[in-house]
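Structure file upload-v4.cif (mmCIF, C-alpha atoms and all ligand atoms) is printed below.
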```
data_final
loop_
_atom_site.label_atom_id
_atom_site.label_comp_id
_atom_site.auth_asym_id
_atom_site.auth_seq_id
_atom_site.Cartn_x
_atom_site.Cartn_y
_atom_site.Cartn_z
CA MET A 1 0.00 0.00 0.00
CA ALA A 2 1.16 3.50 -0.72
CA ILE A 3 -0.76 6.46 0.59
CA ASN A 4 -4.54 6.58 0.64
CA VAL A 5 -6.54 9.81 0.31
CA ASP A 6 -9.80 8.20 1.41
CA VAL A 7 -8.33 6.68 4.54
CA TYR A 8 -6.72 10.00 5.44
CA GLN A 9 -10.01 11.84 5.06
CA GLN A 10 -11.94 9.18 6.95
CA ILE A 11 -9.58 9.42 9.90
CA LYS A 12 -9.92 13.20 10.00
CA LYS A 13 -13.69 12.86 9.76
CA SER A 14 -13.79 10.30 12.55
CA PHE A 15 -12.48 12.97 14.96
CA GLY A 16 -16.01 14.33 14.76
CA GLY A 17 -15.04 17.98 14.99
CA LYS A 18 -13.08 17.45 18.21
CA GLN A 19 -9.73 19.20 18.60
CA VAL A 20 -7.52 16.19 17.92
CA GLN A 21 -4.09 16.43 16.35
CA LEU A 22 -3.10 13.65 14.01
CA VAL A 23 0.51 12.49 14.08
CA ALA A 24 1.14 10.35 11.00
CA VAL A 25 3.57 7.67 12.13
CA SER A 26 5.93 7.12 9.21
CA LYS A 27 8.58 4.85 10.69
CA THR A 28 10.05 2.41 8.14
CA LYS A 29 8.04 4.13 5.38
CA PRO A 30 9.62 5.90 2.39
CA ILE A 31 10.07 9.61 1.83
CA GLU A 32 7.59 9.52 -1.07
CA ASP A 33 4.74 8.37 1.17
CA ILE A 34 5.46 11.10 3.70
CA GLN A 35 5.56 13.66 0.88
CA GLY A 36 2.22 12.29 -0.34
CA TYR A 37 0.46 13.00 2.95
CA TYR A 38 2.30 16.30 3.22
CA ASP A 39 0.81 17.27 -0.13
CA MET A 40 -2.66 16.54 1.33
CA GLY A 41 -1.94 19.03 4.08
CA GLN A 42 -0.52 16.78 6.80
CA ARG A 43 2.30 18.47 8.75
CA ASP A 44 2.84 16.30 11.84
CA PHE A 45 4.84 13.12 11.35
CA GLY A 46 6.19 10.67 13.90
CA GLU A 47 9.37 8.63 13.76
CA ASN A 48 10.83 6.01 16.12
CA TYR A 49 14.41 5.38 15.11
CA VAL A 50 17.11 8.05 15.40
CA GLN A 51 19.14 7.02 12.36
CA GLU A 52 16.11 6.91 10.10
CA PHE A 53 14.78 10.15 11.57
CA VAL A 54 17.96 12.16 10.92
CA GLU A 55 18.13 10.83 7.36
CA LYS A 56 14.53 11.74 6.55
CA VAL A 57 14.48 15.26 7.98
CA PRO A 58 16.69 16.95 5.35
CA ALA A 59 14.94 15.11 2.51
CA LEU A 60 11.52 16.56 3.32
CA PRO A 61 9.93 20.03 3.63
CA ALA A 62 11.26 22.18 6.44
CA ASP A 63 7.84 23.02 7.87
CA ILE A 64 7.10 19.44 8.90
CA ARG A 65 6.63 19.12 12.63
CA TRP A 66 8.62 16.02 13.56
CA HIS A 67 7.52 14.00 16.55
CA PHE A 68 9.97 11.55 18.06
CA ILE A 69 7.75 8.81 19.45
CA GLY A 70 10.22 5.96 19.97
CA HIS A 71 12.25 5.05 23.00
CA LEU A 72 15.05 7.62 23.08
CA GLN A 73 18.46 6.59 24.35
CA ARG A 74 20.38 9.24 26.22
CA ASN A 75 23.37 9.09 23.90
CA LYS A 76 21.10 9.97 20.94
CA VAL A 77 19.46 13.03 22.49
CA LYS A 78 21.79 15.52 20.88
CA LEU A 79 21.10 14.12 17.41
CA VAL A 80 17.37 14.48 17.82
CA ILE A 81 16.82 17.82 19.55
CA PRO A 82 17.87 20.15 16.70
CA HIS A 83 15.12 18.76 14.44
CA VAL A 84 12.32 17.68 16.70
CA TYR A 85 9.07 19.48 17.40
CA LEU A 86 7.99 17.18 20.24
CA ILE A 87 9.57 14.20 22.00
CA HIS A 88 6.77 11.92 23.19
CA GLY A 89 8.59 9.19 25.08
CA VAL A 90 10.36 10.88 28.00
CA ASP A 91 10.30 8.11 30.55
CA SER A 92 13.02 8.75 33.14
CA GLU A 93 14.65 11.52 35.14
CA ARG A 94 17.98 10.63 33.60
CA LEU A 95 16.57 11.22 30.14
CA LEU A 96 15.04 14.53 31.27
CA SER A 97 18.41 15.60 32.63
CA GLU A 98 20.19 14.62 29.43
CA ILE A 99 17.70 16.60 27.34
CA GLN A 100 18.19 19.52 29.73
CA LYS A 101 21.97 19.35 29.36
CA GLU A 102 21.99 19.13 25.57
CA ALA A 103 19.21 21.69 25.12
CA ALA A 104 21.10 24.18 27.31
CA LYS A 105 24.28 23.63 25.26
CA ALA A 106 22.38 24.17 22.02
CA ASN A 107 20.48 27.10 23.49
CA LEU A 108 17.14 25.40 22.78
CA ARG A 109 13.98 24.77 24.70
CA VAL A 110 12.78 21.28 23.82
CA ASN A 111 9.12 20.26 23.88
CA VAL A 112 8.43 16.93 25.52
CA LEU A 113 5.64 14.71 26.77
CA LEU A 114 6.08 12.59 29.88
CA GLN A 115 5.44 8.95 29.07
CA LEU A 116 3.36 7.12 31.61
CA PHE A 117 3.23 3.41 32.08
CA VAL A 118 -0.33 2.25 32.64
CA ALA A 119 -0.42 -1.02 30.69
CA GLN A 120 -0.17 -4.58 31.94
CA GLU A 121 2.90 -5.53 29.92
CA GLU A 122 6.29 -5.85 31.53
CA THR A 123 8.32 -4.52 28.63
CA LYS A 124 6.79 -1.07 28.30
CA PHE A 125 8.55 2.14 29.21
CA GLY A 126 7.29 5.04 31.29
CA PHE A 127 6.89 6.63 34.68
CA ASP A 128 4.50 5.13 37.15
CA LEU A 129 1.98 7.48 38.72
CA SER A 130 3.97 8.25 41.85
CA GLU A 131 7.16 9.00 39.89
CA PHE A 132 5.07 11.20 37.61
CA GLU A 133 3.73 13.17 40.59
CA GLY A 134 7.30 13.74 41.77
CA ILE A 135 8.41 15.00 38.36
CA ILE A 136 5.55 17.40 37.76
CA ALA A 137 5.84 18.84 41.27
CA ASP A 138 9.00 20.69 40.25
CA LEU A 139 9.55 21.06 36.53
CA SER A 140 11.79 24.08 37.10
CA ARG A 141 14.64 21.58 37.59
CA TRP A 142 14.73 21.30 33.79
CA PRO A 143 14.45 24.90 32.53
CA ASN A 144 15.31 24.03 28.93
CA VAL A 145 12.68 21.30 28.81
CA ASN A 146 9.15 22.38 28.01
CA VAL A 147 6.74 19.74 29.30
CA LEU A 148 3.62 20.00 27.15
CA GLY A 149 1.69 16.99 28.35
CA VAL A 150 1.42 13.25 28.72
CA MET A 151 1.83 10.26 26.42
CA GLY A 152 0.92 6.64 26.95
CA MET A 153 0.06 3.34 25.36
CA SER A 154 -2.57 0.82 26.26
CA SER A 155 -1.96 -2.89 26.64
CA VAL A 156 -2.05 -5.04 23.54
CA THR A 157 -5.33 -6.80 24.26
CA GLU A 158 -8.77 -7.37 22.81
CA ASN A 159 -10.28 -6.36 26.13
CA THR A 160 -11.68 -2.91 25.39
CA GLU A 161 -12.70 -2.32 29.01
CA GLN A 162 -9.11 -2.76 30.07
CA ILE A 163 -7.91 -0.40 27.35
CA ARG A 164 -10.54 2.10 28.38
CA SER A 165 -9.48 2.00 32.02
CA GLU A 166 -5.83 2.52 31.01
CA PHE A 167 -6.84 5.54 28.93
CA LYS A 168 -8.82 6.86 31.88
CA ALA A 169 -5.69 6.60 34.05
CA LEU A 170 -3.72 8.58 31.46
CA LYS A 171 -6.45 11.21 31.32
CA GLN A 172 -6.40 11.55 35.10
CA ALA A 173 -2.64 12.04 35.05
CA SER A 174 -3.03 14.62 32.31
CA ASP A 175 -5.64 16.44 34.41
CA ARG A 176 -3.18 16.54 37.34
CA LEU A 177 -0.56 18.17 35.13
CA VAL A 178 -3.04 20.62 33.58
CA ALA A 179 -4.11 21.68 37.08
CA LEU A 180 -0.50 22.76 37.70
CA ASN A 181 0.10 24.16 34.22
CA PRO A 182 -2.91 24.76 31.98
CA ALA A 183 -0.63 25.03 28.93
CA ALA A 184 0.62 21.44 29.36
CA ASN A 185 -2.58 20.03 27.95
CA ILE A 186 -1.45 17.59 25.27
CA LEU A 187 -2.68 14.05 25.85
CA SER A 188 -1.04 11.78 23.28
CA MET A 189 -2.85 8.46 23.33
CA GLY A 190 -4.35 6.22 20.67
CA MET A 191 -2.87 4.33 17.72
CA SER A 192 -4.40 2.63 14.67
CA GLY A 193 -6.20 0.00 16.71
CA ASP A 194 -7.55 2.08 19.56
CA TYR A 195 -7.62 5.75 18.62
CA LEU A 196 -11.41 6.09 18.58
CA LEU A 197 -11.58 4.75 22.11
CA ALA A 198 -8.71 7.05 23.08
CA ILE A 199 -10.55 10.10 21.74
CA GLU A 200 -13.67 9.08 23.65
CA GLU A 201 -11.53 9.05 26.77
CA GLY A 202 -10.08 12.49 26.15
CA SER A 203 -7.11 12.10 23.83
CA ASN A 204 -6.24 15.20 21.84
CA MET A 205 -3.29 13.75 19.91
CA VAL A 206 -3.35 10.38 18.16
CA ARG A 207 -0.38 8.57 16.62
CA ILE A 208 -1.53 6.61 13.59
CA GLY A 209 0.82 4.53 11.47
CA SER A 210 -0.36 1.35 9.80
CA THR A 211 -3.87 2.58 8.98
CA LEU A 212 -2.32 5.40 6.96
CA PHE A 213 0.81 3.82 5.53
CA GLY A 214 -0.01 0.12 5.47
CA ALA A 215 1.38 -2.70 7.57
CA ARG A 216 5.03 -2.53 8.51
C1 LIG B 1 4.52 2.59 15.79
C2 LIG B 1 3.88 3.43 16.84
C3 LIG B 1 2.59 3.99 16.65
C4 LIG B 1 1.72 3.71 15.44
O1 LIG B 1 1.21 2.43 15.53
P1 LIG B 1 0.10 1.89 14.50
O2 LIG B 1 -0.52 0.77 15.24
O3 LIG B 1 0.82 1.49 13.28
O4 LIG B 1 -0.86 3.00 14.26
C5 LIG B 1 2.10 4.83 17.64
N1 LIG B 1 2.81 5.09 18.75
C6 LIG B 1 4.03 4.57 18.97
C7 LIG B 1 4.74 4.92 20.22
C8 LIG B 1 4.59 3.73 18.02
O5 LIG B 1 5.80 3.19 18.27
#
```
Represent the structure of the file as structure tokens.
Amino acid sequence: MAINVDVYQQIKKSFGGKQVQLVAVSKTKPIEDIQGYYDMGQRDFGENYVQEFVEKVPALPADIRWHFIGHLQRNKVKLVIPHVYLIHGVDSERLLSEIQKEAAKANLRVNVLLQLFVAQEETKFGFDLSEFEGIIADLSRWPNVNVLGVMGMSSVTENTEQIRSEFKALKQASDRLVALNPAANILSMGMSGDYLLAIEEGSNMVRIGSTLFGAR
């Protein structure tokens, strides 16, 4: 599958007039497909792998807003921050501190989301709720990091009630952050398989890959 105009329009329509930002997840997909959705007006794209990300950026229009949605290793932070619009997967204090250090050196303020772990799987990354509370209590420790909200993933399961309750937990965490900083209101949750449920539960940013670009 290459790109698909109908699918793109259907996804937009399915937001039902709600303020939801679509991040088109283009990992492993060619430049031409990204350009295709760009030509339809899409500006937000998400990538997972640093090497692939830094190769794609210069080959595509400069006004793309690049989202780094993968697990970011600390030694790759400095490669990513000059190009990125938003880093979704900030999942440890050590990573926050590394972003702070490199952002200060580069004289940047880097937008991030705090990744929360709410799923049942053992392999997923993210803060648990008590760590999250500790982080958001004093964000001034990282002055060059601009925390804009929360990101999370549900468990891989057919059990929609479980997914729904995980999304509710993410929404509650987001509400806690918004109470402290009304501007930090991004809630990035929902992928191809569960984005409609995520929007029902309050998501305002969905990360959709395979529905747009085909299976990987
Ligand atoms: C790959 C990926 C997506 C997109 O997944 P699809 O199921 O293809 O829509 C969304 N979020 C993250 C963090 C991803 O790694």
So that each row is one residue of segment 104-154 of chain A with an atom at most 10 Å from segment 197-209 of chain A, can you give its shortest atom pair and the distance in Å to one decimal, using all atoms listed in the file, rows by chain and rising number, as CSV?
```
residue,atom,partner,partner_atom,distance
A:Val150,CA,A:Ser203,CA,9.9
A:Met151,CA,A:Met205,CA,9.0
A:Met153,CA,A:Ala198,CA,9.8
A:Ser154,CA,A:Ala198,CA,9.3
```
Export of prior selection with C-alpha atoms as a tab-separated table (two decimals), in the frame of the given file:
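Output file selection-v4.tsv follows:
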```
chain	number	residue	atom	x	y	z
A	150	VAL	CA	1.42	13.25	28.72
A	151	MET	CA	1.83	10.26	26.42
A	153	MET	CA	0.06	3.34	25.36
A	154	SER	CA	-2.57	0.82	26.26
```
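Every residue having at least one atom no farther than 7 Å from ligand LIG 1 (chain B) is included below, with only C-alpha atoms and all ligand atoms taken into account: Val25, Lys27, Asn48, Ile69, Gly70, Met191, Ser192, Gly193, Arg207, Ile208, Gly209, Ser210 and Thr211 of chain A.
Pairwise distance (atom CA of Val90 of chain A, atom CA of Gln115 of chain A) equals 5.4 Å.
Interatomic distance, atom CA of Phe15 of chain A to atom CA of Gly190 of chain A: 12.0 Å.
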With distances taken over all atoms listed in the file, the candidate from A:Asn107, A:Gln9, A:Asn144, A:Ser92 nearest Glu131 of chain A is A:Ser92
Env of Val145 of chain A: 8 Å cut, atoms = all atoms listed in the file, seq-sep filter 5 positions within chain, self excluded. Answer as a list in words.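 The residues satisfying every condition are Leu96, Ile99, Gln100, Ala103, Arg109, Val110, Asn111 and Val112 of chain A.
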C-alpha atoms of the current selection, written as a JSON list (two decimals), keeping the file's coordinate frame:
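part-v3.json was written with the following content:
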```
[["chain", "number", "residue", "atom", "x", "y", "z"],
["A", 96, "LEU", "CA", 15.04, 14.53, 31.27],
["A", 99, "ILE", "CA", 17.70, 16.60, 27.34],
["A", 100, "GLN", "CA", 18.19, 19.52, 29.73],
["A", 103, "ALA", "CA", 19.21, 21.69, 25.12],
["A", 109, "ARG", "CA", 13.98, 24.77, 24.70],
["A", 110, "VAL", "CA", 12.78, 21.28, 23.82],
["A", 111, "ASN", "CA", 9.12, 20.26, 23.88],
["A", 112, "VAL", "CA", 8.43, 16.93, 25.52]]
```
Can I get the residues of segment 83-179 of chain A within 12 Å of segment 57-62 of chain A, each with the closest pair of atoms and their distance in Å to one decimal, using all atoms listed in the file, sorted chain first then ascending number, as CSV?
```
residue,atom,partner,partner_atom,distance
A:His83,CA,A:Val57,CA,7.4
A:Val84,CA,A:Val57,CA,9.3
A:Tyr85,CA,A:Ala62,CA,11.5
```
Counting only C-alpha atoms, write as a PyMOL selection string all protein and nucleic acid residues lying at most 9 Å from (-5.7, 0.1, 26.5) in the file's frame. chain A and resi 118-119+153-167+190+194+197-198
